[in-house]
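Here is the structure we will look at, set down as structure tokens.
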Amino acid sequence: MERIDFADLQAFLTVLRCRSFKLAAIELGLSASAVSHAIRRLEARLDARLLNRTSRAVSSTALGQQLAEKLGEGFDTISAAIETLDAPGRNSLGALRINVFADAARLLVAPALPAFSARFPEVRLTIVVEDRPVDITAEGFDAGMRYGHLVPEDMVAVPLTGPQRWIVVGSPQYVKQHGTPASPAALAEHRCIQLLLGNNARYRWDFDSPEGNISINVPGNITIKDTETTLSVACAGTGLAYVLESRVENELAAGTLVNVMPEHSAYGEPFHIYYSSRRYVHPALREFVNIIRLQHGLQALPDLLPESDRAGG
């Protein structure tokens, strides 16, 4: 068989991941025509169709999917080989793409970026902030961030923080007008701002008690899918909000919000970073993880955890 150009193989994987010749061309810095020629060249050399093309979508054939899986293993092996080299610029290679939800971006990513950019000035780091559930492998991310219990089962997960405390907050104006609930059950008499999760499910308010965890549906006609907007509405006196304590430290310190139920709270899962166990981990990801862990009182990891230690401390 005539030798196949690695660039054509890379073009094939990029088109399959982006599910678009146009988007793949933008990512590769080529014209859409050049990418199309690369795929036709590859299919001609293999004498097989690898992609199904329609006017709206691009998908792999069975043979194309098989090739993609084999290529993924091969490129991971190449990446691992490069990482073993003691070359001055090995940690400055390529791009790192991470998908995070908004609270993680604000609390974890933003504080870590100055140190990361100073240590890896040549890494092209892309942070995509969105709260919807994302298949990071299918959408071309090196890693993602979620709470521990939301990490997909087939992923390797590394904790970035300790357990997170959830509290109920309201504005002084709201407290003056409506008082404070004495217990979780008393929330039934209050205006509560509903939180909509990334999967469009309403978040139940959890509380720890001597009898165990209490999980309740609270009343409220306002539902918001964004923490920033939720806090603005709560600060305006519209209702009570259930939020991460770490997310409202500034508001609590300034007095624009108060913890209306200091005796009642709940500890939830830590923030985790996760990645596919089937892909080689980007060499700069370990340092990004360690920067965040150190900033949040955890020990640095000598290396990213293997799959057998998933979700460990």
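Residue names in the structure tokens use chain letters A, B, ... in the order shown, residue numbers from 1 in each chain, and ligand numbers from 1 in the order shown.
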
Next item on the list: Apply DSSP to the structure's backbone, then extract all residues of range 50-176 of chain A labelled helix (DSSP H, G or I) and return them as a VMD selection string.
Entry: chain A and resid 62 to 83 90 to 92 102 to 119 148 to 150 172 to 176

Margin query: Quick one: residues within 7 Å of Phe271 in chain A, only C-alpha atoms, excluding same-chain residues fewer than 5 positions away - as a ChimeraX atom specification?
Written below: /A:145-148,159-161

Checklist line | Surrounding residues of Ala68 in chain A excluding itself and chain neighbours under 2 positions, 10 Å, only C-alpha atoms, as number ranges by chain | finding: A: 9-10, 12-13, 16-17, 50, 60, 62-66, 70-74

Determine, for each residue of range 243-292 of chain A having at least one atom at most 8 Å from an atom of range 118-137 of chain A, the closest pair of atoms and their separation in Å to one decimal, counting only C-alpha atoms; order by chain and ascending number, as CSV.
```
residue,atom,partner,partner_atom,distance
A:Tyr275,CA,A:Ile136,CA,7.8
A:Ser276,CA,A:Thr137,CA,6.8
A:Ala284,CA,A:Phe120,CA,7.5
```

Filtering to C-alpha atoms, could you give me those residues as an mmCIF file, in the first residue's frame?
```
data_model
loop_
_atom_site.group_PDB
_atom_site.id
_atom_site.type_symbol
_atom_site.label_atom_id
_atom_site.label_comp_id
_atom_site.auth_asym_id
_atom_site.auth_seq_id
_atom_site.Cartn_x
_atom_site.Cartn_y
_atom_site.Cartn_z
ATOM 1 C CA TYR A 275 -10.598 12.678 31.633
ATOM 2 C CA SER A 276 -10.930 9.590 29.499
ATOM 3 C CA ALA A 284 0.399 20.160 31.097
#
```

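Excluding Val233 in chain A itself and any same-chain residue fewer than 3 positions from it, the protein and nucleic acid residues within 10 Å of it, counting only C-alpha atoms, are Gly170, Ser171, Ile193, Ile222, Ile224, Thr227, Glu228, Thr229, Thr230, Ala236, Gly237, Thr238, Gly239, Leu240 and Ala241 of chain A.
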
How would the residues just picked look written out with C-alpha atoms as a CSV table (one decimal), in the first residue's frame?
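Done, and the output landed in part.csv:
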```csv
chain,number,residue,atom,x,y,z
A,170,GLY,CA,-31.1,35.9,51.4
A,171,SER,CA,-30.8,39.7,51.4
A,193,ILE,CA,-35.4,30.7,43.9
A,222,ILE,CA,-38.8,31.7,39.7
A,224,ILE,CA,-32.9,30.2,37.1
A,227,THR,CA,-25.7,31.1,39.6
A,228,GLU,CA,-24.7,34.7,38.8
A,229,THR,CA,-28.3,35.7,38.0
A,230,THR,CA,-29.6,33.8,41.0
A,236,ALA,CA,-32.5,42.3,45.3
A,237,GLY,CA,-34.7,40.7,47.9
A,238,THR,CA,-36.8,38.5,45.6
A,239,GLY,CA,-36.3,35.3,47.5
A,240,LEU,CA,-34.0,32.8,49.2
A,241,ALA,CA,-31.3,30.9,47.2
```

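Every protein, DNA or RNA residue with an atom at most 12 Å from Arg202 in chain A, where only C-alpha atoms count and chain neighbours fewer than 5 positions away do not, is listed here: Ile193, Gln194, Leu195, Leu196, Leu197, Ile216, Asn217, Val218, Pro219, Gly220, Ile222, Thr223, Ile224, Lys225 and Tyr242 of chain A.
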
Nearby residues (only C-alpha atoms) at most 10 Å from Ala115 in chain A, same-chain spacing under 6 positions excluded, as a PDB file with N, CA and C atoms, in the first residue's frame:
```
ATOM      1  N   PRO A 121       3.731  29.105  29.031  1.00  0.00           N
ATOM      2  CA  PRO A 121       3.349  30.250  28.189  1.00  0.00           C
ATOM      3  C   PRO A 121       3.014  29.875  26.756  1.00  0.00           C
ATOM      4  N   GLU A 287       0.023  19.574  35.853  1.00  0.00           N
ATOM      5  CA  GLU A 287       0.403  20.792  36.564  1.00  0.00           C
ATOM      6  C   GLU A 287      -0.800  21.690  36.812  1.00  0.00           C
ATOM      7  N   PHE A 288      -1.740  21.714  35.866  1.00  0.00           N
ATOM      8  CA  PHE A 288      -2.953  22.490  36.058  1.00  0.00           C
ATOM      9  C   PHE A 288      -3.740  21.951  37.253  1.00  0.00           C
ATOM     10  N   ILE A 291      -1.875  22.898  40.528  1.00  0.00           N
ATOM     11  CA  ILE A 291      -2.037  24.310  40.889  1.00  0.00           C
ATOM     12  C   ILE A 291      -3.358  24.500  41.630  1.00  0.00           C
ATOM     13  N   ILE A 292      -4.422  23.918  41.099  1.00  0.00           N
ATOM     14  CA  ILE A 292      -5.737  24.069  41.730  1.00  0.00           C
ATOM     15  C   ILE A 292      -5.776  23.360  43.078  1.00  0.00           C
TER      16      ILE A 292
END
```

Checklist line | Residues within 8 Å of range 249-264 of chain A, only C-alpha atoms, excluding chain neighbours under 3 positions, as a PyMOL selection string | finding: chain A and resi 167-172+175+180-184+207-209+234-235+245-246

Selection above as a file: N, CA and C atoms, as a tab-separated table (two decimals), in the first residue's frame:
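Output saved as part_20.tsv:
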```tsv
chain	number	residue	atom	x	y	z
A	167	ILE	N	-25.49	26.32	51.47
A	167	ILE	CA	-26.23	27.08	52.47
A	167	ILE	C	-27.39	27.83	51.81
A	168	VAL	N	-28.32	28.30	52.64
A	168	VAL	CA	-29.44	29.11	52.16
A	168	VAL	C	-29.16	30.57	52.50
A	169	VAL	N	-29.25	31.44	51.49
A	169	VAL	CA	-28.94	32.85	51.70
A	169	VAL	C	-30.11	33.72	51.23
A	170	GLY	N	-30.16	34.90	51.80
A	170	GLY	CA	-31.15	35.89	51.39
A	170	GLY	C	-30.60	37.27	51.70
A	171	SER	N	-31.25	38.29	51.19
A	171	SER	CA	-30.79	39.66	51.42
A	171	SER	C	-31.32	40.16	52.76
A	172	PRO	N	-30.65	41.14	53.38
A	172	PRO	CA	-31.20	41.76	54.60
A	172	PRO	C	-32.61	42.29	54.39
A	175	VAL	N	-35.01	39.36	54.65
A	175	VAL	CA	-35.11	38.91	56.04
A	175	VAL	C	-35.98	39.87	56.85
A	180	THR	N	-36.81	34.76	58.94
A	180	THR	CA	-35.92	33.66	58.57
A	180	THR	C	-36.58	32.33	58.89
A	181	PRO	N	-36.40	31.33	58.06
A	181	PRO	CA	-36.95	30.01	58.35
A	181	PRO	C	-36.19	29.35	59.49
A	182	ALA	N	-36.91	28.76	60.43
A	182	ALA	CA	-36.28	28.14	61.59
A	182	ALA	C	-35.78	26.73	61.28
A	183	SER	N	-36.30	26.13	60.23
A	183	SER	CA	-35.93	24.76	59.89
A	183	SER	C	-36.17	24.56	58.40
A	184	PRO	N	-35.64	23.47	57.82
A	184	PRO	CA	-35.92	23.20	56.40
A	184	PRO	C	-37.41	23.12	56.10
A	207	PHE	N	-30.13	19.02	53.21
A	207	PHE	CA	-29.67	19.48	54.51
A	207	PHE	C	-29.22	18.27	55.33
A	208	ASP	N	-28.11	18.44	56.05
A	208	ASP	CA	-27.64	17.40	56.95
A	208	ASP	C	-28.35	17.54	58.29
A	209	SER	N	-28.69	16.41	58.88
A	209	SER	CA	-29.34	16.43	60.19
A	209	SER	C	-28.89	15.21	60.98
A	234	ALA	N	-31.40	37.23	44.35
A	234	ALA	CA	-31.43	37.10	45.81
A	234	ALA	C	-31.00	38.39	46.49
A	235	CYS	N	-29.97	39.04	45.97
A	235	CYS	CA	-29.50	40.30	46.55
A	235	CYS	C	-30.57	41.39	46.45
A	245	GLU	N	-21.38	27.86	49.64
A	245	GLU	CA	-20.88	28.89	50.55
A	245	GLU	C	-19.65	29.59	49.96
A	246	SER	N	-18.78	28.82	49.32
A	246	SER	CA	-17.57	29.41	48.73
A	246	SER	C	-17.91	30.38	47.61
```
